[in-house]
Amino acid sequence: MALEAKQATSQASVSESNRSRILQHLYHNGISSRAQIAKALDLTPAAITKITARLIEAGVIEETGDIEGSKNRRSIGLELDTTRFHIIGVKFARSLVQIGVFDLCGNALHLETLPTVYDNTIDDTIVIIHQRLTQLLNEDTSIVAIGMAVPGPYLRNEGRTAVVSSMQGWRRINFINEFASAFHVPLFIEQDARAGALAHFLFDPAVHTSDNLAYYLVGEGVGLGVIENGRLINGFLGAATEIGHISVDVNGRPCDCGNIGCLERYCSTPAIHNMLIEDGVLVPGAADMTHTDATRALFAQAKAGNEQAISMVRSIARYVGYGCVTIFNGFNPKHIIIGDIVSEAGPMFLEEVLSTVEERSIPEIYNTTSITLSTLSADAAVSGAAAVAVTQFLEHPSMFFDVS
């Protein structure tokens with residue numbers, strides 16, 4: 001019996017893998033015939049026919065009518081309808097929490113930003129999130145999963161963030177205990193920058209054909225998500241690629257993580273906000289603003305030609321550039337995409353980043369690596385939260401549908 005059970009488990013695993021490969025082929029390649037799928041995946045036509053029949057019966061894929069096959073023969077096309085199924089994405093970023101509803105291609109159907117979060121309102125925010133997610137699920141029966149993007153370093157097995165600079169109250173929230181079983185659809189949690197990397201891998205037409213990229217999050221925190229050969233780099237506890245806590249000045253500013261001179265202390269929105277408060281002139285009333293509003297006010301001044309603002313933005317960009325050099329040397333990705341609030345500084349900011357990186361990096365690496373600003377229509381962390389769930393949808397279809 002033990003051998004029979006082992007064989008049945010092995011067969012189920014193979015079947016799930018093949019279902020996943022078919023869904024991923026249709027997701028990335030669009031309408032395809034059974035023969036085209038069989039050739040691309042090196043599976044027999046009989047196996048493809050059997051698996052796709054169950055997927056059609058379960059409503060996961062559908063036939064689209066005749067398409068042109070090989071030797072001018074007519075074939076029936078198959079398609080994964082990416083607009084039929086919806087995903088909720090939730091982004092946690094200290095004082096900023098966003099909720100969105102997306103289709104499987106990352107198109108935003110609904111986006112909302114919750115009231116600004118403070119240390120003493122975290123519990124209230126958690127209650128609001130439960131209420132809003134329940135409401136969205138009740139209003140839209142096509143939602144099949146929820147993804148969450150949380151600040152790093154996120155200890156994935158424990159369900160909590162080890163350090164949340166400038167708002168330590170989030171450390172006591174266990175995201176798994178709080179949310180994982182709270183709703184009638186599956187829920188998945190990922191570190192925010194890794195979620196952003198998945199968003200670009202799945203949704204960004206400029207890089208989605210590449211299986212080697214890095215998403216460099218520069219917002220309320222500074223984080224990094226790296227996809228190597230199509231897979232996220234996680235580390236033993238899930239705390240890998242925490243570039244925001246790499247020291248760029250060993251005699252510099254102390255950080256909540258215990259280190260000195262962390263990158264996050266020089267280019268995140270809380271760091272920028274502190275600079276503006278200390279300055280007291282460049283952005284009037286900065287002390288009464290949120291981190292995000294103060295940072296955007298600085299960028300508006302720079303874009304309007306204020307020389308002091310331009311100088312500050314260029315200084316921030318140089319620190320972001322130091323981070324790019326570390327990404328070069330540590331991971332050597334083909335693409336680095338800079339996203340979140342600080343990337344809104346625009347072309348002048350990117351120009352300074354590139355200049356700094358060129359000056360400080362190995363020429364062969366600099367000349368073969370693209371560094372760009374994110375162009376996703378929604379913030380990469382909130383769309384990335386959705387991408388986390390989309391990835392699970394494609395890789396583990398039996399978790400969502402009866403396809404056995």
# chains A, B, ... in the order shown; residues from 1 in each chain; ligands from 1

call {"tool": "closest_atom_pairs", "arguments": {"of": "range 31-135 of chain A", "to": "range 376-397 of chain A", "cutoff": "6 Å", "atoms": "only C-alpha atoms", "output": "tab-separated table"}}
result
residue	atom	partner	partner_atom	distance
A:Ile87	CA	A:Ala386	CA	5.8
A:Ile88	CA	A:Ala386	CA	5.9
A:Gly89	CA	A:Ala386	CA	4.4
A:Val90	CA	A:Val382	CA	5.6
A:Lys91	CA	A:Val382	CA	4.7

call {"tool": "closest_atom_pairs", "arguments": {"of": "range 285-379 of chain A", "to": "range 253-268 of chain A", "cutoff": "10 Å", "atoms": "only C-alpha atoms", "output": "Markdown table"}}
result
| residue | atom | partner | partner_atom | distance |
| --- | --- | --- | --- | --- |
| A:His291 | CA | A:Ser268 | CA | 9.1 |
| A:Thr292 | CA | A:Ser268 | CA | 9.8 |
| A:Thr295 | CA | A:Ser268 | CA | 9.3 |
| A:Val313 | CA | A:Cys267 | CA | 9.4 |
| A:Ser315 | CA | A:Cys267 | CA | 8.7 |
| A:Ile316 | CA | A:Cys267 | CA | 5.3 |
| A:Ala317 | CA | A:Cys267 | CA | 7.6 |
| A:Arg318 | CA | A:Cys267 | CA | 9.0 |
| A:Tyr319 | CA | A:Cys267 | CA | 6.4 |
| A:Val320 | CA | A:Cys267 | CA | 6.7 |
| A:Tyr322 | CA | A:Leu263 | CA | 8.4 |
| A:Gly323 | CA | A:Leu263 | CA | 7.3 |
| A:Asp340 | CA | A:Ser268 | CA | 10.0 |
| A:Ile341 | CA | A:Ser268 | CA | 8.8 |
| A:Val342 | CA | A:Ser268 | CA | 7.3 |

call {"tool": "write_last_selection", "arguments": {"atoms": "N, CA, C and O atoms", "output": "tab-separated table (two decimals), in the first residue's frame"}}
result
chain	number	residue	atom	x	y	z
A	291	HIS	N	5.58	61.19	4.65
A	291	HIS	CA	6.85	60.96	3.94
A	291	HIS	C	6.65	61.11	2.44
A	291	HIS	O	7.47	61.74	1.75
A	292	THR	N	5.58	60.52	1.94
A	292	THR	CA	5.33	60.52	0.49
A	292	THR	C	5.07	61.93	-0.02
A	292	THR	O	5.63	62.36	-1.04
A	295	THR	N	8.23	64.07	-0.04
A	295	THR	CA	9.14	63.65	-1.12
A	295	THR	C	8.64	64.16	-2.46
A	295	THR	O	9.42	64.69	-3.28
A	313	VAL	N	18.03	66.20	-5.03
A	313	VAL	CA	17.60	65.03	-5.81
A	313	VAL	C	18.81	64.30	-6.39
A	313	VAL	O	18.88	63.07	-6.38
A	315	SER	N	21.80	64.25	-5.14
A	315	SER	CA	22.47	63.57	-4.03
A	315	SER	C	21.77	62.26	-3.69
A	315	SER	O	22.41	61.23	-3.48
A	316	ILE	N	20.44	62.29	-3.66
A	316	ILE	CA	19.66	61.07	-3.40
A	316	ILE	C	19.93	60.04	-4.49
A	316	ILE	O	20.13	58.85	-4.22
A	317	ALA	N	19.97	60.51	-5.73
A	317	ALA	CA	20.18	59.60	-6.87
A	317	ALA	C	21.55	58.93	-6.79
A	317	ALA	O	21.70	57.76	-7.18
A	318	ARG	N	22.54	59.66	-6.30
A	318	ARG	CA	23.87	59.04	-6.19
A	318	ARG	C	23.84	57.86	-5.22
A	318	ARG	O	24.46	56.83	-5.47
A	319	TYR	N	23.12	58.01	-4.12
A	319	TYR	CA	23.01	56.88	-3.19
A	319	TYR	C	22.27	55.71	-3.83
A	319	TYR	O	22.64	54.55	-3.65
A	320	VAL	N	21.23	56.01	-4.59
A	320	VAL	CA	20.53	54.94	-5.31
A	320	VAL	C	21.50	54.27	-6.28
A	320	VAL	O	21.49	53.04	-6.45
A	322	TYR	N	24.74	53.96	-5.84
A	322	TYR	CA	25.61	53.08	-5.06
A	322	TYR	C	24.94	51.71	-4.87
A	322	TYR	O	25.60	50.67	-4.91
A	323	GLY	N	23.63	51.76	-4.66
A	323	GLY	CA	22.90	50.50	-4.54
A	323	GLY	C	22.94	49.70	-5.82
A	323	GLY	O	23.08	48.46	-5.79
A	340	ASP	N	8.89	52.47	-7.19
A	340	ASP	CA	8.28	53.06	-6.00
A	340	ASP	C	8.46	54.58	-6.03
A	340	ASP	O	8.87	55.16	-7.04
A	341	ILE	N	8.16	55.23	-4.92
A	341	ILE	CA	7.95	56.69	-4.90
A	341	ILE	C	9.17	57.48	-5.37
A	341	ILE	O	9.05	58.45	-6.13
A	342	VAL	N	10.38	57.09	-4.94
A	342	VAL	CA	11.57	57.87	-5.28
A	342	VAL	C	11.84	57.88	-6.78
A	342	VAL	O	12.38	58.85	-7.32

call {"tool": "closest_atom_pairs", "arguments": {"of": "range 66-111 of chain A", "to": "range 217-224 of chain A", "cutoff": "12 Å", "atoms": "only C-alpha atoms", "output": "Markdown table"}}
result
| residue | atom | partner | partner_atom | distance |
| --- | --- | --- | --- | --- |
| A:Lys91 | CA | A:Glu220 | CA | 11.8 |
| A:Phe92 | CA | A:Glu220 | CA | 10.0 |
| A:Ala93 | CA | A:Glu220 | CA | 6.2 |
| A:Arg94 | CA | A:Glu220 | CA | 6.9 |
| A:Ser95 | CA | A:Glu220 | CA | 8.0 |
| A:Leu96 | CA | A:Glu220 | CA | 8.3 |
| A:Val97 | CA | A:Glu220 | CA | 11.2 |

call {"tool": "closest_atom_pairs", "arguments": {"of": "range 234-325 of chain A", "to": "range 151-170 of chain A", "cutoff": "10 Å", "atoms": "only C-alpha atoms", "output": "tab-separated table"}}
result
residue	atom	partner	partner_atom	distance
A:Asn234	CA	A:Arg156	CA	9.2
A:Gly235	CA	A:Leu155	CA	9.9
A:Phe236	CA	A:Leu155	CA	9.2
A:Leu237	CA	A:Leu155	CA	5.5
A:Gly238	CA	A:Leu155	CA	5.4
A:Ala239	CA	A:Pro153	CA	4.8
A:Ala240	CA	A:Pro153	CA	7.6
A:Thr241	CA	A:Pro153	CA	8.8
A:Glu242	CA	A:Pro153	CA	6.5
A:Ile243	CA	A:Pro153	CA	9.9
A:Gly244	CA	A:Gly152	CA	9.2
A:His245	CA	A:Pro153	CA	9.3
A:Cys255	CA	A:Ser165	CA	7.4
A:Asp256	CA	A:Ser165	CA	5.6
A:Cys257	CA	A:Val163	CA	6.0
A:Gly258	CA	A:Val163	CA	9.6
A:Glu264	CA	A:Ser165	CA	8.6
A:Arg265	CA	A:Ser165	CA	9.0
A:Pro270	CA	A:Ser166	CA	7.2
A:Ala271	CA	A:Ser166	CA	9.3

call {"tool": "atom_distance", "arguments": {"atom1": "CA of Ile37 in chain A", "atom2": "CA of Glu79 in chain A"}}
result
11.2 Å

call {"tool": "residues_around", "arguments": {"residues": "Val281 in chain A", "least_positions_apart": "6", "cutoff": "12 Å", "atoms": "only C-alpha atoms", "output": "compact mmCIF listing (two decimals) with C-alpha atoms, in the first residue's frame"}}
result
# COMPACT_ATOMS: atom_id res chain seq x y z
CA MET A 275 16.35 66.06 5.33
CA ALA A 287 7.04 68.54 9.20
CA LEU A 298 10.70 68.06 -3.30
CA GLN A 301 10.43 71.82 -6.80
CA GLN A 308 18.62 73.55 -4.24
CA ALA A 309 15.96 70.90 -4.89

call {"tool": "select_by_dssp", "arguments": {"residues": "range 210-249 of chain A", "states": "strand (DSSP E)", "output": "number ranges by chain"}}
result
A: 212-218, 222-228, 231-232

call {"tool": "residues_around", "arguments": {"residues": "range 42-46 of chain A", "least_positions_apart": "5", "cutoff": "12 Å", "atoms": "only C-alpha atoms", "output": "tab-separated table (two decimals) with C-alpha atoms, in the first residue's frame"}}
result
chain	number	residue	atom	x	y	z
A	14	VAL	CA	3.50	14.90	-12.72
A	15	SER	CA	-0.09	15.71	-13.71
A	17	SER	CA	3.29	19.91	-13.35
A	18	ASN	CA	1.92	19.29	-16.84
A	19	ARG	CA	-1.24	21.29	-16.13
A	21	ARG	CA	3.18	24.01	-17.96
A	22	ILE	CA	0.14	24.20	-20.26
A	33	SER	CA	-3.49	24.70	-30.74
A	34	ARG	CA	-3.13	21.39	-28.94
A	35	ALA	CA	-0.48	20.37	-31.47
A	36	GLN	CA	1.50	23.56	-30.86
A	37	ILE	CA	1.39	23.03	-27.10
A	51	ILE	CA	-5.28	17.52	-19.68
A	52	THR	CA	-6.86	20.33	-21.70
A	53	ALA	CA	-10.23	18.56	-21.61

call {"tool": "atom_distance", "arguments": {"atom1": "CA of Gly77 in chain A", "atom2": "CA of Gly65 in chain A"}}
result
5.7 Å

call {"tool": "residues_around", "arguments": {"residues": "range 329-333 of chain A", "least_positions_apart": "4", "cutoff": "12 Å", "atoms": "only C-alpha atoms", "output": "PyMOL selection string"}}
result
chain A and resi 197+207+210-216+224-230+232-233+240-243+246+322-325+337+357+360-371

call {"tool": "select_by_dssp", "arguments": {"residues": "range 292-339 of chain A", "states": "alpha helix (DSSP H)", "output": "VMD selection string"}}
result
chain A and resid 292 to 303 307 to 331

call {"tool": "residues_around", "arguments": {"residues": "Phe85 in chain A", "least_positions_apart": "3", "cutoff": "12 Å", "atoms": "only C-alpha atoms", "output": "list of chain:residue names"}}
result
A:Gly59, A:Val60, A:Ile61, A:Leu80, A:Asp81, A:Thr82, A:Ile88, A:Val101, A:Phe102, A:Asp103, A:Leu104, A:Cys105, A:Gly106, A:Asn107, A:Leu109, A:Asp140, A:Thr141, A:Ser142, A:Ile143, A:Val144, A:Ala145, A:Ile146, A:Ala386, A:Ala389, A:Val390, A:Phe393, A:Leu394, A:Phe400, A:Phe401

call {"tool": "atom_distance", "arguments": {"atom1": "CA of Val150 in chain A", "atom2": "CA of Asn174 in chain A"}}
result
10.8 Å
